[in-house]
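Enquirer: So here's entry_4.txt, just compact mmCIF, C-alpha atoms:
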# COMPACT_ATOMS: atom_id res chain seq x y z
CA MET G 1 45.59 3.64 26.01
CA ARG G 2 46.34 0.01 26.78
CA ILE G 3 49.79 -0.86 28.05
CA TRP G 4 49.37 -4.63 28.03
CA SER G 5 50.70 -6.69 30.92
CA LEU G 6 50.55 -9.70 28.58
CA HIS G 7 53.57 -10.79 26.58
CA PRO G 8 53.53 -8.97 23.22
CA LYS G 9 53.86 -12.30 21.38
CA TYR G 10 50.11 -12.77 21.87
CA LEU G 11 49.20 -9.58 20.01
CA ASP G 12 48.10 -9.70 16.41
CA PRO G 13 49.85 -7.37 13.93
CA CYS G 14 47.36 -4.53 14.54
CA GLY G 15 47.64 -4.97 18.30
CA LEU G 16 51.44 -4.96 18.27
CA VAL G 17 51.63 -1.79 16.15
CA THR G 18 49.07 -0.11 18.40
CA LEU G 19 51.00 -1.15 21.51
CA TRP G 20 54.19 0.34 20.06
CA ARG G 21 52.46 3.67 19.41
CA GLU G 22 50.74 3.75 22.78
CA GLY G 23 53.97 2.76 24.52
CA LEU G 24 55.74 5.66 22.85
CA LEU G 25 52.91 7.95 23.95
CA ALA G 26 53.25 6.63 27.50
CA GLN G 27 56.98 7.33 27.36
CA ALA G 28 56.32 10.91 26.22
CA VAL G 29 53.83 11.38 29.06
CA LEU G 30 56.30 10.05 31.65
CA GLU G 31 58.98 12.34 30.23
CA GLY G 32 56.65 15.31 30.70
CA LYS G 33 56.44 16.00 26.97
CA THR G 34 52.64 15.97 26.65
CA LYS G 35 49.69 17.69 28.23
CA GLY G 36 47.27 14.83 27.72
CA TYR G 37 47.10 11.43 29.43
CA VAL G 38 49.10 12.65 32.43
CA HIS G 39 46.69 11.01 34.89
CA HIS G 40 45.99 7.90 32.84
CA PRO G 41 45.55 4.89 35.15
CA GLN G 42 47.61 2.62 32.88
CA LEU G 43 50.69 4.66 33.83
CA HIS G 44 50.27 4.21 37.59
CA ARG G 45 52.52 1.15 37.80
CA PHE G 46 55.31 3.01 35.99
CA ARG G 47 54.93 6.18 38.05
CA THR G 48 55.37 4.20 41.27
CA GLN G 49 58.85 3.09 40.20
CA THR G 50 62.02 4.98 41.10
CA ASN G 51 62.73 5.55 37.40
CA PRO G 52 59.42 5.62 35.47
CA VAL G 53 61.03 6.58 32.15
CA GLY G 54 63.59 3.81 32.50
CA PHE G 55 60.87 1.24 33.14
CA ILE G 56 58.72 2.32 30.18
CA ALA G 57 61.86 2.25 28.04
CA GLU G 58 62.53 -1.34 29.17
CA TYR G 59 58.90 -2.13 28.36
CA LEU G 60 59.32 -0.69 24.87
CA ARG G 61 62.56 -2.62 24.31
CA ALA G 62 60.65 -5.88 24.77
CA VAL G 63 57.92 -4.70 22.38
CA TYR G 64 60.63 -3.76 19.89
CA ALA G 65 62.24 -7.21 20.25
CA GLU G 66 58.91 -8.90 19.47
CA ALA G 67 58.39 -6.63 16.47
CA ALA G 68 61.92 -7.34 15.21
CA SER G 69 61.29 -11.10 15.54
CA ARG G 70 58.37 -10.58 13.13
CA SER G 71 60.55 -8.49 10.76
CA TYR G 72 58.65 -5.29 11.54
CA GLN G 73 60.54 -2.04 11.03
CA PHE G 74 59.97 -0.16 14.30
CA ALA G 75 62.37 2.70 15.08
CA ALA G 76 64.41 1.68 18.12
CA THR G 77 65.82 5.21 18.25
CA LYS G 78 62.45 6.38 19.60
CA ILE G 79 63.03 4.48 22.83
CA SER G 80 64.54 6.55 25.64
CA ARG G 81 68.13 5.69 26.51
CA SER G 82 67.10 5.55 30.16
CA ARG G 83 67.51 2.14 31.79
CA ALA G 84 65.94 0.40 34.76
CA ASN G 85 66.71 -2.79 36.61
CA GLY G 86 64.14 -5.16 37.99
CA ARG G 87 60.62 -6.18 37.19
CA ILE G 88 57.21 -4.88 38.14
CA ALA G 89 54.67 -7.17 39.81
CA VAL G 90 51.41 -7.83 37.96
CA THR G 91 48.62 -9.88 39.46
CA ARG G 92 47.35 -13.07 37.90
CA GLY G 93 43.88 -11.51 38.04
CA GLN G 94 45.10 -8.60 35.92
CA LEU G 95 46.64 -10.98 33.40
CA GLU G 96 43.42 -12.98 33.22
CA PHE G 97 41.38 -9.77 32.79
CA GLU G 98 43.63 -8.64 29.95
CA TRP G 99 43.59 -12.10 28.37
CA ARG G 100 39.79 -12.05 28.22
CA HIS G 101 39.94 -8.51 26.85
CA LEU G 102 42.41 -9.56 24.14
CA ILE G 103 40.35 -12.63 23.20
CA GLY G 104 37.30 -10.40 22.76
CA LYS G 105 39.23 -8.02 20.53
CA LEU G 106 40.65 -10.83 18.43
CA GLU G 107 37.25 -12.49 17.97
CA ALA G 108 36.16 -9.37 16.12
CA ARG G 109 39.42 -8.17 14.60
CA ASP G 110 41.51 -11.22 13.73
CA PRO G 111 39.94 -14.67 14.20
CA GLU G 112 42.89 -16.31 12.44
CA TRP G 113 45.33 -14.87 14.96
CA LEU G 114 43.00 -15.91 17.78
CA ALA G 115 43.12 -19.49 16.50
CA ARG G 116 46.92 -19.37 16.84
CA ILE G 117 46.78 -18.58 20.55
CA THR G 118 43.67 -20.46 21.74
CA GLN G 119 45.76 -23.32 23.13
CA VAL G 120 47.36 -20.98 25.70
CA ARG G 121 46.05 -21.85 29.16
CA ILE G 122 48.13 -19.50 31.31
CA PRO G 123 49.34 -16.46 29.36
CA GLU G 124 52.82 -15.18 30.10
CA PRO G 125 53.33 -11.61 31.26
CA HIS G 126 55.32 -9.04 29.32
CA PRO G 127 59.02 -9.63 30.19
CA LEU G 128 59.06 -6.47 32.36
CA PHE G 129 56.42 -7.94 34.65
CA CYS G 130 56.42 -10.86 37.07
CA ALA G 131 53.13 -12.56 37.89
CA VAL G 132 51.99 -12.62 41.51
CA PRO G 133 48.76 -13.81 43.10
CA GLY G 134 45.94 -11.29 43.22
CA SER G 135 42.86 -9.89 41.54
CA VAL G 136 42.43 -7.23 38.85
CA ALA G 137 44.61 -4.19 39.56
CA GLU G 138 42.99 -1.27 41.36
CA TRP G 139 44.02 1.12 38.60
CA GLU G 140 42.15 -1.08 36.10
CA LYS G 141 39.03 -1.11 38.24
CA GLY G 142 39.15 2.67 38.52
CA TYR G 143 39.22 2.84 34.74
CA GLY G 144 36.04 0.83 34.37
CA GLY G 145 36.93 -2.69 35.39
CA ALA G 146 35.20 -5.77 34.06
CA GLN G 147 31.81 -4.08 33.69
CA ARG G 148 33.27 -1.76 31.01
CA LEU G 149 35.49 -4.30 29.30
CA GLY G 150 34.55 -3.13 25.81
CA ALA G 151 35.05 0.53 26.65
CA ALA G 152 38.26 0.20 28.67
CA GLY G 153 40.58 1.07 25.79
CA SER G 154 42.63 -0.67 23.15
Show me, as structure tokens, the structure contained in the file I just sent.

Expert:
Amino acid sequence: MRIWSLHPKYLDPCGLVTLWREGLLAQAVLEGKTKGYVHHPQLHRFRTQTNPVGFIAEYLRAVYAEAASRSYQFAATKISRSRANGRIAVTRGQLEFEWRHLIGKLEARDPEWLARITQVRIPEPHPLFCAVPGSVAEWEKGYGGAQRLGAAGS
């Protein structure tokens, strides 16, 4: 599971569809509707919020908006009606880690899409997140960190 901190506009078609599916899975986990993935490190930043389901729903709304801007037919009705106010901090180090991870995926999966985003110097975070100084998130390191970049998930 990869719940990208990066803005979904950087994701290629395959990446955006995968993010939608994994975001919906994350929502189901946070709602207590699954038995798997309940301790997944990617969910830590949502679990620490006062309304985890509301925050994942806000996350999914931004993914849906990106998909709609590309004329994709995602089902908005799958997003929880729960709402949350505010943003979640994400470190610049985490964004840089994910950017390198995405570049590696795109080199293999979609070089044409990669060419479209190579001019980006400082990637924007997903609209739910605000960038703050810092290194790679502890939950990412616990999941394998930079030494397992290829095995860290989608």

Enquirer: Can you list, as a ChimeraX atom specification, every protein, DNA or RNA residue that comes within 12 Å of Met1 of chain G when you count all atoms listed in the file, leaving out same-chain residues fewer than 2 positions away?

Expert: /G:3-4,15,18-26,29,36-43,140,143,151-154

Enquirer: Work out how far apart atom CA of Ala108 of chain G and atom CA of Tyr10 of chain G are and give it in Å to one decimal.

Expert: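 Distance reported for this atom pair: 15.5 Å.
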
Enquirer: Just to confirm, what's the straight-line distance from atom CA of His7 of chain G to atom CA of Leu114 of chain G in Å (one decimal)?

Expert: 14.7 Å

Enquirer: Just checking: using all atoms listed in the file, which residue out of G:Ile103, G:His126, G:Asp12, G:Ile88 ends up closest to His44 of chain G?

Expert: G:Ile88

Enquirer: Given only C-alpha atoms as the basis, pick out the residue of G:Ala75, G:Ala68, G:Ala89, G:Ala28 nearest to Pro125 of chain G.

Expert: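 Going through G:Ala75, G:Ala68, G:Ala89, G:Ala28 one by one, the smallest distance to Pro125 of chain G is for G:Ala89.
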
Enquirer: One decimal, in Å: what's the spacing between atom CA of Gly86 of chain G and atom CA of Lys33 of chain G?

Expert: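 Taking atom CA of Gly86 of chain G and atom CA of Lys33 of chain G, their separation equals 25.1 Å.
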
Enquirer: Please determine, counting only C-alpha atoms, which residue among G:Ala115, G:Val132, G:Ala57, G:Ala65 has the shortest atom-to-atom distance to Ser80 of chain G.

Expert: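 Selected residue with least distance to Ser80 of chain G: G:Ala57.
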
Enquirer: Name the closest residue to Thr50 of chain G among the candidates G:Leu6, G:Leu11, G:Ala131, G:Ala84; distances are taken between atoms, counting only C-alpha atoms.

Expert: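 Among the listed residues, the smallest separation from Thr50 of chain G belongs to G:Ala84.
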
Enquirer: Give the answer as one residue: which of G:Pro127, G:Arg92, G:Gln49, G:Ala137 has the shortest atom-to-atom distance to Glu66 of chain G, using all atoms listed in the file?

Expert: G:Pro127

Enquirer: Smallest atom-to-atom distance to Val136 of chain G: which of G:Glu124, G:Glu98, G:Glu107, G:Glu58, using all atoms listed in the file?

Expert: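 For Val136 of chain G, the nearest of the given residues is G:Glu98.
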
Enquirer: How big is the axis-aligned box around all listed atoms of segment 102-118 of chain G once 4 Å goes on each side, and where's its centre, in Å to one decimal, as lines of an AutoDock Vina configuration file?

Expert:
center_x = 41.5
center_y = -14.2
center_z = 18.3
size_x = 18.8
size_y = 20.4
size_z = 19.7

Enquirer: As a PDB file, keeping the file's coordinate frame, could you write out segment 89-125 of chain G once it has been completed with N, CA and C atoms?

Expert:
ATOM      1  N   ALA G  89      55.657  -6.126  39.521  1.00  0.00           N
ATOM      2  CA  ALA G  89      54.670  -7.170  39.810  1.00  0.00           C
ATOM      3  C   ALA G  89      53.362  -6.866  39.077  1.00  0.00           C
ATOM      4  N   VAL G  90      52.753  -7.905  38.539  1.00  0.00           N
ATOM      5  CA  VAL G  90      51.410  -7.830  37.960  1.00  0.00           C
ATOM      6  C   VAL G  90      50.636  -9.019  38.490  1.00  0.00           C
ATOM      7  N   THR G  91      49.405  -8.797  38.881  1.00  0.00           N
ATOM      8  CA  THR G  91      48.620  -9.880  39.460  1.00  0.00           C
ATOM      9  C   THR G  91      48.102 -10.841  38.390  1.00  0.00           C
ATOM     10  N   ARG G  92      47.930 -12.067  38.797  1.00  0.00           N
ATOM     11  CA  ARG G  92      47.350 -13.070  37.900  1.00  0.00           C
ATOM     12  C   ARG G  92      45.947 -12.628  37.467  1.00  0.00           C
ATOM     13  N   GLY G  93      45.212 -12.015  38.383  1.00  0.00           N
ATOM     14  CA  GLY G  93      43.880 -11.510  38.040  1.00  0.00           C
ATOM     15  C   GLY G  93      43.930 -10.468  36.941  1.00  0.00           C
ATOM     16  N   GLN G  94      44.940  -9.603  36.973  1.00  0.00           N
ATOM     17  CA  GLN G  94      45.100  -8.600  35.920  1.00  0.00           C
ATOM     18  C   GLN G  94      45.418  -9.267  34.597  1.00  0.00           C
ATOM     19  N   LEU G  95      46.305 -10.256  34.637  1.00  0.00           N
ATOM     20  CA  LEU G  95      46.640 -10.980  33.400  1.00  0.00           C
ATOM     21  C   LEU G  95      45.419 -11.682  32.825  1.00  0.00           C
ATOM     22  N   GLU G  96      44.625 -12.303  33.687  1.00  0.00           N
ATOM     23  CA  GLU G  96      43.420 -12.980  33.220  1.00  0.00           C
ATOM     24  C   GLU G  96      42.415 -11.983  32.645  1.00  0.00           C
ATOM     25  N   PHE G  97      42.261 -10.830  33.295  1.00  0.00           N
ATOM     26  CA  PHE G  97      41.380  -9.770  32.790  1.00  0.00           C
ATOM     27  C   PHE G  97      41.820  -9.341  31.393  1.00  0.00           C
ATOM     28  N   GLU G  98      43.115  -9.078  31.237  1.00  0.00           N
ATOM     29  CA  GLU G  98      43.630  -8.640  29.950  1.00  0.00           C
ATOM     30  C   GLU G  98      43.530  -9.739  28.898  1.00  0.00           C
ATOM     31  N   TRP G  99      43.712 -10.981  29.313  1.00  0.00           N
ATOM     32  CA  TRP G  99      43.590 -12.100  28.370  1.00  0.00           C
ATOM     33  C   TRP G  99      42.179 -12.155  27.806  1.00  0.00           C
ATOM     34  N   ARG G 100      41.188 -12.052  28.677  1.00  0.00           N
ATOM     35  CA  ARG G 100      39.790 -12.050  28.220  1.00  0.00           C
ATOM     36  C   ARG G 100      39.528 -10.853  27.305  1.00  0.00           C
ATOM     37  N   HIS G 101      40.097  -9.725  27.655  1.00  0.00           N
ATOM     38  CA  HIS G 101      39.940  -8.510  26.850  1.00  0.00           C
ATOM     39  C   HIS G 101      40.555  -8.719  25.459  1.00  0.00           C
ATOM     40  N   LEU G 102      41.743  -9.292  25.416  1.00  0.00           N
ATOM     41  CA  LEU G 102      42.410  -9.560  24.140  1.00  0.00           C
ATOM     42  C   LEU G 102      41.612 -10.564  23.307  1.00  0.00           C
ATOM     43  N   ILE G 103      41.143 -11.620  23.925  1.00  0.00           N
ATOM     44  CA  ILE G 103      40.350 -12.630  23.200  1.00  0.00           C
ATOM     45  C   ILE G 103      39.138 -11.971  22.560  1.00  0.00           C
ATOM     46  N   GLY G 104      38.458 -11.104  23.308  1.00  0.00           N
ATOM     47  CA  GLY G 104      37.300 -10.400  22.760  1.00  0.00           C
ATOM     48  C   GLY G 104      37.659  -9.538  21.566  1.00  0.00           C
ATOM     49  N   LYS G 105      38.776  -8.847  21.655  1.00  0.00           N
ATOM     50  CA  LYS G 105      39.230  -8.020  20.530  1.00  0.00           C
ATOM     51  C   LYS G 105      39.545  -8.874  19.314  1.00  0.00           C
ATOM     52  N   LEU G 106      40.244  -9.981  19.544  1.00  0.00           N
ATOM     53  CA  LEU G 106      40.650 -10.830  18.430  1.00  0.00           C
ATOM     54  C   LEU G 106      39.469 -11.551  17.776  1.00  0.00           C
ATOM     55  N   GLU G 107      38.448 -11.868  18.553  1.00  0.00           N
ATOM     56  CA  GLU G 107      37.250 -12.490  17.970  1.00  0.00           C
ATOM     57  C   GLU G 107      36.684 -11.607  16.874  1.00  0.00           C
ATOM     58  N   ALA G 108      36.710 -10.306  17.100  1.00  0.00           N
ATOM     59  CA  ALA G 108      36.160  -9.370  16.120  1.00  0.00           C
ATOM     60  C   ALA G 108      37.174  -8.959  15.064  1.00  0.00           C
ATOM     61  N   ARG G 109      38.424  -8.783  15.466  1.00  0.00           N
ATOM     62  CA  ARG G 109      39.420  -8.170  14.600  1.00  0.00           C
ATOM     63  C   ARG G 109      40.248  -9.168  13.788  1.00  0.00           C
ATOM     64  N   ASP G 110      40.590 -10.301  14.396  1.00  0.00           N
ATOM     65  CA  ASP G 110      41.510 -11.220  13.730  1.00  0.00           C
ATOM     66  C   ASP G 110      41.312 -12.658  14.201  1.00  0.00           C
ATOM     67  N   PRO G 111      40.214 -13.300  13.763  1.00  0.00           N
ATOM     68  CA  PRO G 111      39.940 -14.670  14.200  1.00  0.00           C
ATOM     69  C   PRO G 111      41.063 -15.662  13.866  1.00  0.00           C
ATOM     70  N   GLU G 112      41.779 -15.417  12.786  1.00  0.00           N
ATOM     71  CA  GLU G 112      42.890 -16.310  12.440  1.00  0.00           C
ATOM     72  C   GLU G 112      44.004 -16.235  13.479  1.00  0.00           C
ATOM     73  N   TRP G 113      44.309 -15.027  13.929  1.00  0.00           N
ATOM     74  CA  TRP G 113      45.330 -14.870  14.960  1.00  0.00           C
ATOM     75  C   TRP G 113      44.845 -15.515  16.259  1.00  0.00           C
ATOM     76  N   LEU G 114      43.587 -15.310  16.582  1.00  0.00           N
ATOM     77  CA  LEU G 114      43.000 -15.910  17.780  1.00  0.00           C
ATOM     78  C   LEU G 114      43.186 -17.419  17.758  1.00  0.00           C
ATOM     79  N   ALA G 115      42.962 -18.034  16.615  1.00  0.00           N
ATOM     80  CA  ALA G 115      43.120 -19.490  16.500  1.00  0.00           C
ATOM     81  C   ALA G 115      44.547 -19.927  16.817  1.00  0.00           C
ATOM     82  N   ARG G 116      45.515 -19.050  16.572  1.00  0.00           N
ATOM     83  CA  ARG G 116      46.920 -19.370  16.840  1.00  0.00           C
ATOM     84  C   ARG G 116      47.253 -19.387  18.321  1.00  0.00           C
ATOM     85  N   ILE G 117      46.453 -18.676  19.122  1.00  0.00           N
ATOM     86  CA  ILE G 117      46.780 -18.580  20.550  1.00  0.00           C
ATOM     87  C   ILE G 117      45.748 -19.249  21.463  1.00  0.00           C
ATOM     88  N   THR G 118      44.736 -19.879  20.910  1.00  0.00           N
ATOM     89  CA  THR G 118      43.670 -20.460  21.740  1.00  0.00           C
ATOM     90  C   THR G 118      44.154 -21.596  22.633  1.00  0.00           C
ATOM     91  N   GLN G 119      45.269 -22.218  22.307  1.00  0.00           N
ATOM     92  CA  GLN G 119      45.760 -23.320  23.130  1.00  0.00           C
ATOM     93  C   GLN G 119      46.438 -22.828  24.410  1.00  0.00           C
ATOM     94  N   VAL G 120      46.699 -21.539  24.514  1.00  0.00           N
ATOM     95  CA  VAL G 120      47.360 -20.980  25.700  1.00  0.00           C
ATOM     96  C   VAL G 120      46.410 -21.076  26.888  1.00  0.00           C
ATOM     97  N   ARG G 121      46.865 -21.710  27.952  1.00  0.00           N
ATOM     98  CA  ARG G 121      46.050 -21.850  29.160  1.00  0.00           C
ATOM     99  C   ARG G 121      46.382 -20.776  30.192  1.00  0.00           C
ATOM    100  N   ILE G 122      47.677 -20.521  30.369  1.00  0.00           N
ATOM    101  CA  ILE G 122      48.130 -19.500  31.310  1.00  0.00           C
ATOM    102  C   ILE G 122      49.034 -18.552  30.542  1.00  0.00           C
ATOM    103  N   PRO G 123      48.525 -17.392  30.161  1.00  0.00           N
ATOM    104  CA  PRO G 123      49.340 -16.460  29.360  1.00  0.00           C
ATOM    105  C   PRO G 123      50.513 -15.905  30.166  1.00  0.00           C
ATOM    106  N   GLU G 124      51.617 -15.733  29.482  1.00  0.00           N
ATOM    107  CA  GLU G 124      52.820 -15.180  30.100  1.00  0.00           C
ATOM    108  C   GLU G 124      52.697 -13.663  30.172  1.00  0.00           C
ATOM    109  N   PRO G 125      53.304 -13.077  31.204  1.00  0.00           N
ATOM    110  CA  PRO G 125      53.330 -11.610  31.260  1.00  0.00           C
ATOM    111  C   PRO G 125      54.396 -11.047  30.323  1.00  0.00           C
TER     112      PRO G 125
END
